[in-house]
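Below is one structure, written out as structure tokens; the observations come after it.
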Amino acid sequence: MKNNYLVLLLSALLLVLSSCSGSSSSNTATSATTSAMQIDDLLDNAERLTDKEVTIEGVCTHTCKHGARKIFLMGSDNTKTIRIEACKLGSFDTKCIKSVVRVTGTLIEDRIDETYLRNWESQLTAEELDQENLATCETEKNARGETSNKVADRIADYRDRIEKRLLTEGKEYLSFYHVNAIDYEIVEQ
């Protein structure tokens with residue numbers, strides 16, 4: 001009789017433990033779903049989140065035509081966009097386009113300063129500086145606020161923007177951000 005009681009007690013304990021662990025994992029899943037940061041919030045807080053792991057969610061507006069190794073997620077409008085690099089993932093599913101995508105990865109700052117611009121200029125001939133670079137991804141240009149295809153105009157615009165930032169914020173560079181993805185999922189198609 002004691003053995004039956006012990007078996008019954010152990011069975012009840014296992015049932016309680018398994019149901020507790022089941023509810024805890026579903027709470028974790030719910031927390032993960034609600035903890036995804038919106039693109040606008042990420043960009044507004046990018047300076048303090050640089051080099052940290054983030055989970056973000058936004059509408060995928062574009063995948064890189066060279067093997068879908070990059071996607072772009074949009075926030076509240078097309079001026080709030082961030083590039084996501086596939087890195088070790090290899091590539092993204094092309095079904096991401098026009099879908100809500102949740103990405104976890106590391107936020108990386110890309111700086112453009114005078115040294116960067118001089119190096120860029122030194123790699124180009126005068127003729128190349130005066131040409132339009134139509135190979136540049138339009139989505140990437142929009143994410144960086146670029147308006148011209150001509151390389152010389154793009155460089156001049158960066159210099160103007162750096163000068164304005166120096167006057168308003170005391171920083172002699174522009175900051176752009178991207179995320180090196182470690183995981184992603186299509187949340188909604």
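Ligands are numbered from 1 in the order shown, chains are lettered A, B, ... in the order of the structure tokens, and residues start at 1 in each chain.
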### Query
Which residues, written as a VMD selection string, have at least one atom at most 6 Å from A:Ala68, with only C-alpha atoms counted and residues fewer than 4 positions away on the same chain left out?
chain A and resid 63 to 64 91 to 92
Could you take the residues named above and write them with all heavy atoms, as a PDB file, in the first residue's frame?
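The resulting result-v4.pdb:
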ATOM      1  N   THR A  63      15.145  42.746 -50.158  1.00  0.00           N
ATOM      2  CA  THR A  63      16.230  41.791 -49.934  1.00  0.00           C
ATOM      3  C   THR A  63      17.287  42.060 -50.992  1.00  0.00           C
ATOM      4  O   THR A  63      16.978  42.453 -52.120  1.00  0.00           O
ATOM      5  CB  THR A  63      15.794  40.313 -50.041  1.00  0.00           C
ATOM      6  OG1 THR A  63      15.335  40.050 -51.353  1.00  0.00           O
ATOM      7  CG2 THR A  63      14.733  39.957 -49.035  1.00  0.00           C
ATOM      8  N   CYS A  64      18.526  41.859 -50.623  1.00  0.00           N
ATOM      9  CA  CYS A  64      19.647  42.061 -51.533  1.00  0.00           C
ATOM     10  C   CYS A  64      19.503  41.122 -52.728  1.00  0.00           C
ATOM     11  O   CYS A  64      19.257  39.932 -52.558  1.00  0.00           O
ATOM     12  CB  CYS A  64      20.943  41.789 -50.771  1.00  0.00           C
ATOM     13  SG  CYS A  64      22.412  41.737 -51.785  1.00  0.00           S
ATOM     14  N   SER A  91      21.940  33.395 -45.769  1.00  0.00           N
ATOM     15  CA  SER A  91      21.035  34.258 -46.516  1.00  0.00           C
ATOM     16  C   SER A  91      19.663  34.244 -45.857  1.00  0.00           C
ATOM     17  O   SER A  91      19.399  33.437 -44.967  1.00  0.00           O
ATOM     18  CB  SER A  91      20.927  33.795 -47.979  1.00  0.00           C
ATOM     19  OG  SER A  91      20.342  32.507 -48.031  1.00  0.00           O
ATOM     20  N   PHE A  92      18.811  35.142 -46.335  1.00  0.00           N
ATOM     21  CA  PHE A  92      17.442  35.231 -45.848  1.00  0.00           C
ATOM     22  C   PHE A  92      16.502  34.619 -46.872  1.00  0.00           C
ATOM     23  O   PHE A  92      16.796  34.599 -48.069  1.00  0.00           O
ATOM     24  CB  PHE A  92      17.049  36.698 -45.609  1.00  0.00           C
ATOM     25  CG  PHE A  92      17.806  37.350 -44.501  1.00  0.00           C
ATOM     26  CD1 PHE A  92      18.899  38.162 -44.780  1.00  0.00           C
ATOM     27  CD2 PHE A  92      17.434  37.161 -43.185  1.00  0.00           C
ATOM     28  CE1 PHE A  92      19.601  38.777 -43.753  1.00  0.00           C
ATOM     29  CE2 PHE A  92      18.138  37.775 -42.153  1.00  0.00           C
ATOM     30  CZ  PHE A  92      19.222  38.578 -42.443  1.00  0.00           C
TER      31      PHE A  92
END
### Task
Going by DSSP on the backbone, which bits of stretch 93-167 of chain A are helix (DSSP H, G or I)? Write them as a ChimeraX atom specification, please.
/A:94-96,114-122,126-130,138-143,151-167
Which residues of stretch 63-129 of chain A sit at most 8 Å from stretch 137-160 of chain A, using only C-alpha atoms? Give each one's shortest atom pair and distance in Å (one decimal place), in chain and ascending residue order, as JSON lines.
{"residue": "A:Phe72", "atom": "CA", "partner": "A:Thr139", "partner_atom": "CA", "distance": 7.6}
{"residue": "A:Asn78", "atom": "CA", "partner": "A:Asn142", "partner_atom": "CA", "distance": 7.8}
{"residue": "A:Thr79", "atom": "CA", "partner": "A:Ala143", "partner_atom": "CA", "distance": 6.5}
{"residue": "A:Lys80", "atom": "CA", "partner": "A:Ala143", "partner_atom": "CA", "distance": 7.2}
{"residue": "A:Thr81", "atom": "CA", "partner": "A:Ala143", "partner_atom": "CA", "distance": 5.4}
{"residue": "A:Ile82", "atom": "CA", "partner": "A:Ala143", "partner_atom": "CA", "distance": 6.6}
{"residue": "A:Arg83", "atom": "CA", "partner": "A:Glu140", "partner_atom": "CA", "distance": 7.5}
{"residue": "A:Ile112", "atom": "CA", "partner": "A:Tyr158", "partner_atom": "CA", "distance": 7.9}
{"residue": "A:Glu114", "atom": "CA", "partner": "A:Arg159", "partner_atom": "CA", "distance": 7.4}
{"residue": "A:Leu117", "atom": "CA", "partner": "A:Ile155", "partner_atom": "CA", "distance": 6.6}
{"residue": "A:Glu128", "atom": "CA", "partner": "A:Val151", "partner_atom": "CA", "distance": 7.6}
{"residue": "A:Leu129", "atom": "CA", "partner": "A:Ala152", "partner_atom": "CA", "distance": 5.0}
Writer output for current selection, N, CA and C atoms, as a CSV table (one decimal), in the first residue's frame:
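The result, written out as out.csv:
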chain,number,residue,atom,x,y,z
A,72,PHE,N,16.3,44.7,-45.5
A,72,PHE,CA,16.0,46.0,-44.9
A,72,PHE,C,14.7,46.0,-44.2
A,78,ASN,N,9.5,55.2,-44.4
A,78,ASN,CA,10.7,54.8,-45.2
A,78,ASN,C,12.0,55.6,-44.8
A,79,THR,N,11.9,56.6,-43.9
A,79,THR,CA,13.1,57.3,-43.4
A,79,THR,C,13.6,56.5,-42.2
A,80,LYS,N,12.9,55.6,-41.6
A,80,LYS,CA,13.3,54.8,-40.5
A,80,LYS,C,13.6,53.3,-41.0
A,81,THR,N,14.7,53.1,-41.5
A,81,THR,CA,15.1,51.8,-42.1
A,81,THR,C,16.4,51.3,-41.6
A,82,ILE,N,16.6,50.0,-41.4
A,82,ILE,CA,17.8,49.5,-40.9
A,82,ILE,C,18.2,48.2,-41.8
A,83,ARG,N,19.5,48.1,-42.1
A,83,ARG,CA,20.0,47.0,-42.9
A,83,ARG,C,20.3,45.8,-41.9
A,112,ILE,N,31.0,57.3,-40.8
A,112,ILE,CA,31.6,58.0,-41.9
A,112,ILE,C,32.2,59.3,-41.4
A,114,GLU,N,35.9,62.2,-42.1
A,114,GLU,CA,36.7,62.7,-43.1
A,114,GLU,C,37.7,61.7,-43.6
A,117,LEU,N,36.0,59.4,-46.0
A,117,LEU,CA,35.7,60.1,-47.3
A,117,LEU,C,37.0,60.3,-48.1
A,128,GLU,N,35.6,58.7,-62.4
A,128,GLU,CA,34.7,57.9,-61.6
A,128,GLU,C,33.9,58.7,-60.6
A,129,LEU,N,34.6,59.7,-60.0
A,129,LEU,CA,34.0,60.6,-59.1
A,129,LEU,C,32.8,61.4,-59.7
### Query
For A:Val187, which of A:Leu89, A:Leu43, A:Ile108, A:Val59 is the closest residue, counting only C-alpha atoms?
A:Val59
### Query
Rounded to one decimal in Å, what is the spacing between atom CA of A:Glu188 and atom CA of A:Asp51?
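Straight-line distance from atom CA of A:Glu188 to atom CA of A:Asp51 works out to 27.7 Å.
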With DSSP run on the backbone, what are the strand (DSSP E or B) residues within stretch 76-124 of chain A? I'd like them as a short mmCIF file (atom, residue, chain, number, x, y, z; two decimals) with C-alpha atoms, in the first residue's frame.
data_model
loop_
_atom_site.label_atom_id
_atom_site.label_comp_id
_atom_site.auth_asym_id
_atom_site.auth_seq_id
_atom_site.Cartn_x
_atom_site.Cartn_y
_atom_site.Cartn_z
CA THR A 81 15.08 51.80 -42.09
CA ILE A 82 17.84 49.47 -40.93
CA ARG A 83 19.99 47.00 -42.86
CA ILE A 84 20.21 43.44 -41.55
CA GLU A 85 23.21 41.30 -42.56
CA VAL A 100 6.83 41.38 -40.70
CA VAL A 101 10.19 39.91 -39.71
CA ARG A 102 11.66 39.52 -36.22
CA VAL A 103 15.47 39.54 -36.08
CA THR A 104 17.88 38.91 -33.22
CA GLY A 105 21.45 40.07 -33.67
CA THR A 106 24.17 42.52 -32.71
CA LEU A 107 23.74 46.21 -33.48
CA ILE A 108 26.82 47.60 -35.26
CA GLU A 109 27.72 51.26 -35.81
CA ASP A 110 29.17 52.27 -39.19
CA ARG A 111 30.94 55.64 -39.03
CA ILE A 112 31.62 57.97 -41.91
CA ASP A 113 34.20 60.63 -41.14
#
